[in-house]
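Data block for work-v3.cif (mmCIF, C-alpha atoms and all ligand atoms):
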data_work
loop_
_atom_site.label_atom_id
_atom_site.label_comp_id
_atom_site.auth_asym_id
_atom_site.auth_seq_id
_atom_site.Cartn_x
_atom_site.Cartn_y
_atom_site.Cartn_z
CA MET A 39 47.84 79.53 53.79
CA THR A 40 46.93 76.34 51.92
CA SER A 41 49.79 74.37 50.31
CA ASP A 42 52.83 75.10 48.14
CA ASN A 43 50.78 74.92 44.97
CA GLN A 44 47.71 76.64 46.30
CA LYS A 45 48.13 80.25 47.18
CA ARG A 46 46.09 83.00 48.74
CA ILE A 47 46.22 85.88 46.26
CA VAL A 48 45.00 89.46 46.48
CA ILE A 49 44.35 90.99 43.04
CA LYS A 50 43.77 94.73 42.57
CA ILE A 51 42.28 96.10 39.38
CA GLY A 52 42.04 99.81 38.59
CA SER A 53 39.19 101.81 37.06
CA SER A 54 41.03 102.28 33.76
CA SER A 55 41.16 98.50 33.31
CA LEU A 56 37.41 98.05 33.87
CA THR A 57 36.04 100.84 31.71
CA SER A 58 35.62 101.37 27.98
CA LEU A 59 36.92 104.44 26.13
CA SER A 60 33.60 106.21 26.78
CA GLY A 61 34.29 105.90 30.53
CA ASP A 62 31.48 103.43 31.20
CA ILE A 63 32.22 100.04 32.80
CA SER A 64 33.06 97.40 30.24
CA ARG A 65 31.37 94.04 30.72
CA ARG A 66 33.91 92.51 28.32
CA LYS A 67 36.84 93.66 30.47
CA ILE A 68 35.21 92.48 33.68
CA GLN A 69 34.47 89.14 32.02
CA SER A 70 38.12 88.72 31.00
CA LEU A 71 39.04 89.28 34.66
CA THR A 72 36.39 87.00 36.16
CA ASP A 73 37.25 84.21 33.67
CA GLN A 74 40.87 84.32 34.83
CA VAL A 75 39.98 84.55 38.53
CA ALA A 76 37.67 81.55 38.07
CA GLU A 77 40.57 79.65 36.49
CA LEU A 78 42.75 80.39 39.52
CA LYS A 79 39.97 79.22 41.80
CA ASP A 80 39.54 76.05 39.74
CA GLN A 81 43.25 75.42 40.38
CA GLY A 82 42.62 75.64 44.12
CA HIS A 83 43.89 79.16 44.81
CA GLU A 84 42.02 81.54 47.10
CA VAL A 85 41.40 84.97 45.57
CA VAL A 86 40.43 88.30 47.11
CA LEU A 87 39.63 90.98 44.53
CA VAL A 88 40.16 94.65 45.29
CA SER A 89 38.18 96.37 42.57
CA SER A 90 37.97 100.08 41.76
CA GLY A 91 35.37 101.30 39.31
CA ALA A 92 32.44 102.46 41.46
CA VAL A 93 32.76 106.13 40.49
CA ALA A 94 33.53 105.26 36.86
CA ALA A 95 30.49 102.97 36.71
CA GLY A 96 28.13 105.58 38.11
CA TYR A 97 28.94 109.11 36.98
CA ARG A 98 27.29 108.97 33.57
CA THR A 99 23.98 107.87 35.10
CA LEU A 100 24.09 111.07 37.16
CA GLY A 101 24.43 113.11 33.98
CA PHE A 102 28.13 113.98 34.27
CA VAL A 103 30.06 113.89 31.01
CA ASN A 104 33.43 113.44 32.71
CA ARG A 105 34.44 111.90 36.03
CA PRO A 106 33.42 114.50 38.65
CA SER A 107 36.09 115.96 40.90
CA SER A 108 34.22 117.11 44.02
CA LEU A 109 33.87 114.60 46.85
CA PRO A 110 30.02 114.68 47.15
CA GLU A 111 29.69 114.18 43.39
CA LYS A 112 32.12 111.26 43.40
CA GLN A 113 30.30 109.80 46.40
CA ALA A 114 26.95 110.07 44.63
CA ALA A 115 28.45 108.47 41.51
CA ALA A 116 29.89 105.63 43.62
CA ALA A 117 26.46 105.08 45.24
CA VAL A 118 25.08 104.26 41.78
CA GLY A 119 28.20 102.59 40.38
CA GLN A 120 29.14 100.24 43.23
CA GLY A 121 25.82 98.40 42.89
CA ARG A 122 26.24 98.07 39.13
CA LEU A 123 29.78 96.85 39.56
CA ILE A 124 28.91 94.11 42.05
CA GLU A 125 25.87 93.08 40.02
CA THR A 126 28.14 92.56 36.99
CA TYR A 127 30.73 90.64 39.03
CA SER A 128 28.03 88.46 40.62
CA GLU A 129 26.51 87.55 37.27
CA LEU A 130 29.86 86.76 35.67
CA PHE A 131 31.23 84.74 38.61
CA SER A 132 28.00 82.76 38.86
CA SER A 133 28.46 81.62 35.26
CA HIS A 134 31.56 79.81 36.59
CA GLY A 135 29.72 78.48 39.63
CA TYR A 136 31.27 80.97 42.08
CA ALA A 137 29.55 83.52 44.29
CA ALA A 138 30.80 87.08 44.76
CA SER A 139 30.57 89.12 47.95
CA GLN A 140 30.99 92.82 48.65
CA ILE A 141 33.24 94.29 51.36
CA LEU A 142 33.29 98.08 51.64
CA ILE A 143 35.93 99.49 53.94
CA THR A 144 36.74 102.93 55.34
CA ARG A 145 40.07 103.95 56.82
CA SER A 146 38.52 104.15 60.27
CA ASP A 147 37.58 100.45 59.99
CA PHE A 148 41.30 99.71 59.71
CA SER A 149 42.53 102.19 62.33
CA ASP A 150 40.40 100.44 64.95
CA GLU A 151 42.26 97.24 65.82
CA THR A 152 39.11 95.28 66.72
CA ARG A 153 37.34 96.18 63.49
CA TYR A 154 40.53 95.47 61.54
CA ASN A 155 40.69 91.96 62.99
CA ASN A 156 36.99 91.55 62.35
CA VAL A 157 37.41 92.24 58.63
CA ARG A 158 40.08 89.52 58.56
CA ASN A 159 37.73 87.03 60.24
CA THR A 160 34.96 87.82 57.76
CA ILE A 161 37.23 87.43 54.71
CA ASN A 162 38.61 84.17 56.11
CA VAL A 163 35.11 82.70 56.39
CA LEU A 164 34.24 83.81 52.85
CA LEU A 165 37.44 82.23 51.48
CA GLU A 166 36.90 78.99 53.40
CA ARG A 167 33.41 78.81 51.87
CA GLY A 168 34.71 79.35 48.30
CA ILE A 169 33.23 82.84 47.89
CA VAL A 170 35.11 85.65 46.11
CA PRO A 171 35.39 88.70 48.41
CA ILE A 172 35.35 91.92 46.36
CA VAL A 173 36.76 94.83 48.33
CA ASN A 174 36.47 98.55 47.60
CA GLU A 175 36.68 101.70 49.67
CA ASN A 176 33.28 102.68 51.04
CA ASP A 177 33.35 105.81 48.88
CA THR A 178 29.84 107.03 49.70
CA VAL A 179 30.53 107.64 53.41
CA THR A 180 34.17 108.65 53.61
CA THR A 181 35.37 112.20 54.16
CA ASP A 182 38.47 113.58 52.47
CA ARG A 183 40.45 113.45 55.70
CA LEU A 184 39.54 109.84 56.42
CA ARG A 185 39.93 108.22 53.00
CA PHE A 186 42.37 105.63 51.78
CA GLY A 187 41.98 107.65 48.58
CA ASP A 188 43.39 104.99 46.31
CA ASN A 189 42.83 101.28 46.08
CA ASP A 190 46.51 100.49 45.48
CA THR A 191 47.54 101.01 49.11
CA LEU A 192 44.21 99.55 50.26
CA SER A 193 45.00 96.34 48.33
CA ALA A 194 48.45 96.08 49.97
CA LYS A 195 46.89 96.54 53.41
CA VAL A 196 44.28 93.90 52.60
CA ALA A 197 47.06 91.56 51.40
CA GLY A 198 48.81 92.00 54.77
CA LEU A 199 45.55 91.64 56.67
CA VAL A 200 44.69 88.25 55.18
CA ALA A 201 48.35 87.03 55.12
CA SER A 202 48.26 86.75 51.36
CA ASP A 203 50.98 84.80 49.52
CA GLN A 204 51.02 87.24 46.62
CA LEU A 205 49.71 90.68 45.67
CA ILE A 206 48.94 91.29 42.00
CA ILE A 207 48.14 94.81 40.83
CA LEU A 208 46.72 95.03 37.32
CA SER A 209 46.80 98.37 35.57
CA ASP A 210 46.69 99.86 32.07
CA ILE A 211 50.46 99.49 31.79
CA ASP A 212 52.64 96.37 31.76
CA GLY A 213 54.80 97.24 34.77
CA LEU A 214 57.03 99.87 36.32
CA TYR A 215 59.23 101.79 33.89
CA ASN A 216 62.33 103.76 34.81
CA ALA A 217 60.45 106.92 33.82
CA ASP A 218 56.86 107.84 33.01
CA PRO A 219 56.49 106.33 29.48
CA ARG A 220 54.03 109.06 28.48
CA LYS A 221 56.73 111.65 28.97
CA ASP A 222 59.75 109.58 27.99
CA PRO A 223 59.10 107.14 25.12
CA SER A 224 62.57 105.60 25.61
CA ALA A 225 61.69 104.51 29.17
CA SER A 226 62.34 100.81 29.83
CA LEU A 227 60.52 98.20 31.89
CA LEU A 228 61.99 97.09 35.22
CA LYS A 229 61.48 93.34 35.46
CA GLU A 230 62.49 92.98 39.10
CA VAL A 231 62.61 95.33 42.08
CA SER A 232 64.09 94.12 45.35
CA GLU A 233 63.94 97.39 47.28
CA ILE A 234 61.98 100.59 46.92
CA THR A 235 64.75 103.17 46.94
CA PRO A 236 64.24 106.95 46.57
CA GLU A 237 65.34 106.51 42.90
CA ILE A 238 62.49 104.07 42.32
CA GLU A 239 60.03 106.46 43.97
CA ASP A 240 61.19 109.25 41.67
CA MET A 241 60.30 107.17 38.61
CA ALA A 242 56.57 107.49 39.26
CA GLY A 243 54.46 110.06 37.48
CA GLU A 244 50.80 111.02 37.62
CA PRO A 245 47.81 108.74 36.77
CA GLY A 246 47.62 107.76 33.13
CA SER A 247 43.92 108.15 32.47
CA SER A 248 41.04 110.42 33.39
CA VAL A 249 39.39 107.58 35.34
CA GLY A 250 42.37 106.38 37.41
CA THR A 251 43.19 108.13 40.68
CA GLY A 252 46.32 106.62 42.15
CA GLY A 253 48.90 106.68 39.36
CA MET A 254 52.25 104.93 39.68
CA ARG A 255 53.09 106.73 42.93
CA SER A 256 50.29 105.04 44.87
CA LYS A 257 51.31 101.70 43.34
CA ILE A 258 54.86 102.17 44.61
CA ASP A 259 53.48 103.10 48.05
CA ALA A 260 51.45 99.90 47.89
CA PHE A 261 54.49 97.76 47.08
CA LYS A 262 56.39 99.34 49.96
CA ILE A 263 53.66 98.10 52.28
CA SER A 264 53.39 94.64 50.73
CA MET A 265 57.18 94.14 50.69
CA ALA A 266 57.48 95.23 54.34
CA SER A 267 54.72 92.74 55.11
CA GLY A 268 56.67 89.94 53.40
CA ILE A 269 54.36 89.56 50.41
CA PRO A 270 55.90 89.03 46.93
CA SER A 271 54.07 91.32 44.52
CA PHE A 272 53.55 91.86 40.80
CA LEU A 273 52.50 94.74 38.55
CA GLY A 274 51.24 93.91 35.08
CA LYS A 275 48.76 94.82 32.39
CA ALA A 276 45.08 93.96 32.72
CA GLY A 277 43.48 92.29 29.72
CA VAL A 278 46.56 90.33 28.66
CA PRO A 279 45.44 86.71 28.12
CA GLN A 280 46.42 84.44 31.02
CA ILE A 281 48.15 87.29 32.88
CA LEU A 282 46.87 86.14 36.27
CA VAL A 283 47.80 82.47 35.91
CA ASP A 284 51.17 83.48 34.46
CA ALA A 285 51.80 86.01 37.24
CA VAL A 286 51.12 83.37 39.89
CA ASN A 287 53.69 81.14 38.14
CA GLU A 288 56.06 84.11 37.77
CA GLU A 289 55.99 83.81 33.99
CA ALA A 290 54.06 86.95 33.08
CA ARG A 291 55.51 90.11 31.58
CA GLY A 292 55.57 92.82 34.22
CA THR A 293 57.48 93.93 37.31
CA TYR A 294 58.08 91.51 40.19
CA PHE A 295 58.65 93.03 43.64
CA ASP A 296 60.63 90.51 45.66
CA VAL A 297 60.86 89.94 49.37
CA LYS A 298 64.52 89.55 50.20
CA GLU A 299 64.70 89.02 53.96
CA PRO A 300 61.45 87.55 55.22
CA GLU A 301 62.71 87.57 58.83
CA LEU A 302 62.70 91.38 58.79
CA ASN A 303 59.07 91.53 57.79
CA LEU A 304 56.46 93.03 60.04
CA ASP A 305 54.12 90.66 61.86
CA HIS A 306 50.38 91.34 61.89
CA TYR A 307 50.46 93.55 64.97
CA ARG A 308 53.30 95.71 63.63
CA GLN A 309 51.63 95.92 60.21
CA TRP A 310 48.59 97.33 61.96
CA ILE A 311 50.75 99.81 63.90
CA ALA A 312 52.75 100.85 60.82
CA PHE A 313 50.12 101.13 58.14
CA ASN A 314 46.70 101.31 59.71
CA SER A 315 46.65 102.62 63.27
CA GLY A 316 46.95 106.33 62.45
CA PRO A 317 49.19 107.76 65.22
CA GLU A 318 47.29 109.86 67.76
CA GLY A 319 50.11 112.07 69.01
CA GLU A 320 53.83 112.77 69.02
CA ILE A 321 56.60 112.44 71.56
CA LEU A 322 59.82 114.40 71.02
CA ILE A 323 62.70 112.69 72.79
CA GLN A 324 66.02 113.91 74.16
CA ASP A 325 69.12 113.14 72.09
CA ASP A 326 70.54 110.69 74.65
CA ALA A 327 67.46 108.46 74.32
CA LYS A 328 67.84 108.00 70.55
CA GLU A 329 70.62 105.45 70.79
CA THR A 330 68.72 103.42 73.42
CA ILE A 331 65.48 103.15 71.59
CA ILE A 332 66.81 102.80 68.03
CA ASN A 333 69.95 100.67 68.29
CA GLU A 334 69.53 98.98 71.65
CA LYS A 335 65.78 98.45 71.20
CA GLY A 336 65.36 99.75 74.74
CA ASN A 337 62.51 101.53 76.46
CA LEU A 338 61.91 105.24 76.64
CA LEU A 339 61.78 106.70 80.15
CA PRO A 340 59.52 109.62 81.10
CA SER A 341 62.58 111.71 81.97
CA GLN A 342 63.84 111.32 78.37
CA ILE A 343 60.80 113.08 76.91
CA TYR A 344 61.33 116.62 75.73
CA GLN A 345 57.84 117.46 74.51
CA ILE A 346 54.41 115.88 74.03
CA ASN A 347 52.18 116.92 71.14
CA GLY A 348 48.51 116.02 70.86
CA TYR A 349 46.14 114.09 73.07
CA PHE A 350 46.48 110.34 73.45
CA LYS A 351 45.32 107.59 75.74
CA LYS A 352 47.26 104.75 77.37
CA GLY A 353 47.71 102.13 74.62
CA SER A 354 47.63 104.64 71.75
CA VAL A 355 50.08 104.57 68.87
CA VAL A 356 52.31 107.67 68.83
CA ARG A 357 55.01 109.02 66.55
CA ILE A 358 58.43 109.26 68.14
CA MET A 359 60.49 112.20 66.92
CA ASP A 360 63.87 113.69 67.68
CA LEU A 361 64.55 117.29 68.64
CA ASN A 362 64.80 118.26 64.95
CA ASN A 363 61.27 116.93 64.36
CA GLU A 364 62.77 114.01 62.42
CA LYS A 365 60.46 110.95 62.59
CA LEU A 366 62.15 107.97 64.26
CA GLY A 367 59.28 105.52 64.33
CA LEU A 368 56.12 104.47 66.09
CA GLY A 369 55.48 103.19 69.60
CA VAL A 370 52.55 102.14 71.77
CA VAL A 371 52.43 104.20 74.99
CA ASN A 372 51.95 102.91 78.51
CA TYR A 373 50.72 106.33 79.65
CA SER A 374 48.22 108.90 78.46
CA SER A 375 49.43 112.32 77.31
CA LYS A 376 47.81 113.77 80.44
CA ASP A 377 49.80 111.47 82.75
CA LEU A 378 53.03 112.21 80.91
CA GLU A 379 52.43 115.95 81.12
CA GLU A 380 51.86 115.59 84.86
CA PHE A 381 55.15 113.68 85.20
CA GLN A 382 56.89 116.45 83.33
CA MET A 383 55.42 119.13 85.58
CA LYS A 384 56.49 117.21 88.68
CA GLN A 385 59.94 116.87 87.18
CA GLU A 386 60.12 120.61 86.59
CA THR A 387 58.92 121.44 90.10
CA ASN A 388 61.40 118.89 91.38
CA GLN A 389 59.02 116.67 93.30
CA GLU A 390 61.40 113.95 94.44
CA ASP A 391 58.84 111.25 95.09
CA ALA A 392 57.35 111.62 91.62
CA LYS A 393 60.74 111.61 90.00
CA ALA A 394 61.82 108.42 91.70
CA ALA A 395 58.59 106.59 91.12
CA MET A 396 57.75 107.75 87.66
CA LEU A 397 60.61 109.33 85.87
CA ASN A 398 63.25 106.68 85.89
CA GLU A 399 61.50 103.44 86.61
CA SER A 400 58.45 103.47 84.36
CA PHE A 401 58.65 102.71 80.67
CA VAL A 402 56.75 104.96 78.30
CA CYS A 403 57.17 102.83 75.19
CA GLU A 404 59.65 101.16 72.87
CA LEU A 405 60.07 101.65 69.14
CA GLU A 406 57.70 99.08 67.60
CA VAL A 407 58.19 100.17 64.00
CA ALA A 408 61.14 102.17 62.74
CA ILE A 409 60.91 104.80 60.03
CA PRO A 410 61.20 104.40 57.02
CA ILE A 411 59.02 101.28 57.22
CA GLY A 412 56.14 102.92 59.06
CA VAL A 413 54.26 106.11 58.39
N1 LIG B 501 57.36 105.08 35.95
C1 LIG B 501 56.18 104.70 35.45
N2 LIG B 501 56.02 103.44 34.96
C2 LIG B 501 54.81 103.04 34.46
N3 LIG B 501 53.70 103.84 34.41
C3 LIG B 501 53.80 105.10 34.87
C4 LIG B 501 55.03 105.60 35.42
N4 LIG B 501 54.83 106.87 35.83
C5 LIG B 501 53.53 107.17 35.56
N5 LIG B 501 52.90 106.12 34.98
C6 LIG B 501 51.48 106.13 34.57
O1 LIG B 501 50.68 105.46 35.56
C7 LIG B 501 49.54 104.92 34.89
C8 LIG B 501 48.84 103.86 35.76
O2 LIG B 501 48.19 104.46 36.87
P1 LIG B 501 46.58 104.75 36.90
O3 LIG B 501 46.22 105.60 35.73
O4 LIG B 501 46.24 105.29 38.25
O5 LIG B 501 45.98 103.33 36.66
P2 LIG B 501 44.93 102.41 37.47
O6 LIG B 501 43.57 102.88 37.07
O7 LIG B 501 45.27 101.05 36.97
O8 LIG B 501 45.17 102.55 38.96
C9 LIG B 501 50.10 104.41 33.59
O9 LIG B 501 49.15 104.39 32.57
C10 LIG B 501 51.25 105.37 33.27
O10 LIG B 501 50.88 106.30 32.30
N1 LIG B 502 37.14 103.60 45.17
C1 LIG B 502 37.21 104.27 43.88
C2 LIG B 502 38.52 104.04 43.17
C3 LIG B 502 39.75 104.61 43.76
C4 LIG B 502 41.01 104.18 42.97
O1 LIG B 502 42.06 103.87 43.56
O2 LIG B 502 40.92 104.12 41.61
P1 LIG B 502 42.06 103.52 40.61
O3 LIG B 502 43.22 104.47 40.58
O4 LIG B 502 41.37 103.43 39.33
O5 LIG B 502 42.44 102.17 41.14
C5 LIG B 502 36.13 103.71 42.94
O6 LIG B 502 35.70 102.56 43.11
O7 LIG B 502 35.74 104.44 42.02
#

Spit out the file's structure as structure tokens when you get a sec.
Ligand SMILES: Nc1ncnc2c1ncn2[C@@H]1O[C@H](COP(=O)(O)OP(=O)(O)O)[C@@H](O)[C@H]1O
Ligand SMILES: N[C@@H](CCC(=O)OP(=O)(O)O)C(=O)O
Amino acid sequence: MTSDNQKRIVIKIGSSSLTSLSGDISRRKIQSLTDQVAELKDQGHEVVLVSSGAVAAGYRTLGFVNRPSSLPEKQAAAAVGQGRLIETYSELFSSHGYAASQILITRSDFSDETRYNNVRNTINVLLERGIVPIVNENDTVTTDRLRFGDNDTLSAKVAGLVASDQLIILSDIDGLYNADPRKDPSASLLKEVSEITPEIEDMAGEPGSSVGTGGMRSKIDAFKISMASGIPSFLGKAGVPQILVDAVNEEARGTYFDVKEPELNLDHYRQWIAFNSGPEGEILIQDDAKETIINEKGNLLPSQIYQINGYFKKGSVVRIMDLNNEKLGLGVVNYSSKDLEEFQMKQETNQEDAKAAMLNESFVCELEVAIPIGV
């Protein structure tokens, strides 16, 4: 974005870091955050906040003693809490001379490429005009099947969307430990992670509080996305004085997730394919095609398809699998599932003209994103 000293930063803060022990939102905690964000803005950085807390801020008003667990109850709580949350942010940012704005996103907004790009354009205008965009999932309208579910992965997707220079996730713990510290008091802090290996994934346990949803697992999923998108990231403890300024200068206590080979990082289009598109179908390919599409980065031919699962249109994102149902990656198809099934039938009934024209000359797709980077 801007210059070497002025970064575009996405900051995610979890419910547990915005609420008091009683479970209600804490104005003091939000003020500590807004004071630090204002300081970053005074230094010329651009900041996008991804803030949880809508359900936590609302459930008591509905008469619940604890955070509700059913979706309609959480949605009703968020309907009350989201307004309270933004009102508090607006008041506190305005005391520093900054305006806050609210962006509520559902997963379907991101799986549609046009709407995805539209969100980017909107955030860009807000940032250019000095406003603080505050993003949350649109909890009141989402269904279980179509939810991001946690704001950790949402924040990493937003960081990729706006080509952020850094992702900072603030939680109630000062970084990633080699085991869940609640279960293993001898667990130690990892100061730097350069790759999310299966061992790192195994370190994550469940959420730490009754108000948090994602836990360490969703944070690790988030860092996988941000690292694959080429965005250096940080996990640290909310409420620590100067944590944000120090994290930007890489001087804060916490875990830094580095980006080792920027040239391998996914561009915007492939980020959308990998993390947001939501594949519409599956293509199982013959063994001989694996080498071509994985190592030679070649195209898949209709005759190399073994089976088609699901219904998809020309231009859809599909999962490419081998004959053992092992995921190989994601591709964008040049044919609909209906067309491909017709090709297959013609192949089976040995229609020579169809074979020549369609089976060996037309490309179905190439592997745009290889597993394990994509979904
Ligand atoms: N390996 C680990 N390292 C650090 N924290 C862990 C680990 N495994 C599980 N946790 C738990 O994850 C919690 C943070 O997740 P969560 O409660 O969802 O917070 P937030 O509301 O900030 O999203 C920590 O309080 C900690 O108890
Ligand atoms: N969108 C929900 C929060 C979901 C979420 O990821 O919560 P958390 O684990 O506290 O970051 C809300 O605003 O209550």

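Closest approach to ligand LIG 502 (chain B) among A:Phe381, A:Phe148, A:Phe186, A:Phe401: A:Phe186, based on only C-alpha atoms and all ligand atoms.
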
Per residue of chain A within 10 Å of ligand LIG 502 (chain B), record the nearest atom pair and its distance in Å to one decimal, counting only C-alpha atoms and all ligand atoms, with rows in chain order and ascending residue number, as a tab-separated table.
residue	atom	partner	partner_atom	distance
A:Lys50	CA	B:LIG502	O5	7.7
A:Ile51	CA	B:LIG502	O5	6.3
A:Gly52	CA	B:LIG502	O5	3.5
A:Ser53	CA	B:LIG502	O4	3.5
A:Ser54	CA	B:LIG502	O4	5.7
A:Ser55	CA	B:LIG502	O4	7.8
A:Leu56	CA	B:LIG502	O4	8.6
A:Thr57	CA	B:LIG502	O4	9.7
A:Val88	CA	B:LIG502	O5	8.9
A:Ser89	CA	B:LIG502	O6	6.7
A:Ser90	CA	B:LIG502	O6	3.6
A:Gly91	CA	B:LIG502	O6	4.0
A:Ala92	CA	B:LIG502	O6	3.7
A:Val93	CA	B:LIG502	O7	3.8
A:Ala94	CA	B:LIG502	O7	5.7
A:Ala95	CA	B:LIG502	O7	7.6
A:Gly96	CA	B:LIG502	O7	8.6
A:Tyr97	CA	B:LIG502	O7	9.7
A:Arg105	CA	B:LIG502	O7	9.7
A:Lys112	CA	B:LIG502	O7	7.8
A:Gln113	CA	B:LIG502	O7	8.8
A:Ala115	CA	B:LIG502	O7	8.3
A:Ala116	CA	B:LIG502	O7	6.2
A:Ala117	CA	B:LIG502	O6	9.8
A:Gly119	CA	B:LIG502	O7	7.9
A:Gln120	CA	B:LIG502	O6	7.0
A:Leu123	CA	B:LIG502	O6	9.0
A:Leu142	CA	B:LIG502	N1	9.3
A:Ile143	CA	B:LIG502	N1	9.8
A:Val173	CA	B:LIG502	N1	9.3
A:Asn174	CA	B:LIG502	N1	5.6
A:Glu175	CA	B:LIG502	N1	4.9
A:Asn176	CA	B:LIG502	N1	7.1
A:Asp177	CA	B:LIG502	N1	5.7
A:Thr178	CA	B:LIG502	N1	9.3
A:Arg185	CA	B:LIG502	N1	9.5
A:Phe186	CA	B:LIG502	O1	8.4
A:Gly187	CA	B:LIG502	C3	6.1
A:Asp188	CA	B:LIG502	O1	3.3
A:Asn189	CA	B:LIG502	O1	3.7
A:Asp190	CA	B:LIG502	O1	5.9
A:Thr191	CA	B:LIG502	O1	8.3
A:Leu192	CA	B:LIG502	O1	8.3
A:Ser193	CA	B:LIG502	O1	9.4
A:Ile207	CA	B:LIG502	O5	9.3
A:Leu208	CA	B:LIG502	O5	9.2
A:Ser209	CA	B:LIG502	O5	8.0
A:Asp210	CA	B:LIG502	O4	9.7
A:Pro245	CA	B:LIG502	O3	7.3
A:Gly246	CA	B:LIG502	O3	9.3
A:Ser247	CA	B:LIG502	O4	8.7
A:Ser248	CA	B:LIG502	O4	9.2
A:Val249	CA	B:LIG502	O4	6.1
A:Gly250	CA	B:LIG502	O4	3.7
A:Thr251	CA	B:LIG502	O3	3.7
A:Gly252	CA	B:LIG502	O3	4.1
A:Gly253	CA	B:LIG502	O3	6.2
A:Met254	CA	B:LIG502	O3	9.1
A:Ser256	CA	B:LIG502	O3	8.3
A:Lys257	CA	B:LIG502	O3	9.0

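The closest residue to A:Ser108, picked from A:Asp182, A:Glu318, A:Leu59, A:Gln324 and counting all atoms listed in the file, is A:Asp182.
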
Residues within 6 Å of A:Ser374, please, as a PyMOL selection string. Count only C-alpha atoms; anything in the same chain fewer than 2 positions from it doesn't count. chain A and resi 350-352+376-377

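Atom to atom, atom CA of A:Glu380 and atom CA of A:Val356 stand 17.9 Å apart.
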
The centre and edge lengths of an axis-aligned box containing all atoms of ligand LIG 501 (chain B) present in the file, extended by 5 Å on each side, are to be given in Å to one decimal, as AutoDock Vina command-line options.
--center_x 50.5 --center_y 104.1 --center_z 35.6 --size_x 23.8 --size_y 16.1 --size_z 16.7

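Using only C-alpha atoms and all ligand atoms, the nearest neighbour of ligand LIG 501 (chain B) within the list A:Gly274, A:Gly135, A:Gly268, A:Gly101 is A:Gly274.
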
Please, which residues are within 10 Å of (50.8, 90.7, 42.5) by the file's coordinates, counting all atoms listed in the file, and could they come as a PyMOL selection string? chain A and resi 47-50+193-194+197+203-208+261+264+269-274+282+285-286+288+292-295

In Å, with one decimal, what is the gap from atom C4 of ligand LIG 501 (chain B) to atom CA of A:Asn216? 7.6 Å

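Taking atom CA of A:Arg167 and atom CA of A:Ser132 as the two end points, the separation is 14.6 Å.
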
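Candidate residues A:Lys221, A:Arg98, A:Lys262, A:Lys298 were compared for distance to ligand LIG 501 (chain B), and the nearest is A:Lys221, using only C-alpha atoms and all ligand atoms.
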
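With only C-alpha atoms and all ligand atoms as the atoms that count, the residue of A:Tyr215, A:Tyr349, A:Tyr344, A:Trp310 with the shortest distance to ligand LIG 501 (chain B) is A:Tyr215.
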
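Checking A:Asp147, A:Glu111, A:Asp62, A:Gly213 one by one against ligand LIG 501 (chain B), counting only C-alpha atoms and all ligand atoms, you find the shortest gap at A:Gly213.
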
Contact residues around stretch 71-83 of chain A with all atoms listed in the file at 8 Å, ignoring same-chain residues under 6 positions, as a count of residues only: 14

Contacts of A:Ser149 within 9 Å, all atoms listed in the file, excl. fewer than 5 positions in-chain, as a list in words: Tyr154, Trp310, Ile311, Phe313, Asn314, Ser315 and Gly316 of chain A

Shell around A:Asp222 at 12 Å using all atoms listed in the file, local window under 4 positions removed, as a list of chain:residue names: A:Tyr215, A:Asn216, A:Ala217, A:Asp218, A:Ser226, A:Met241, A:Ala242, A:Gly243
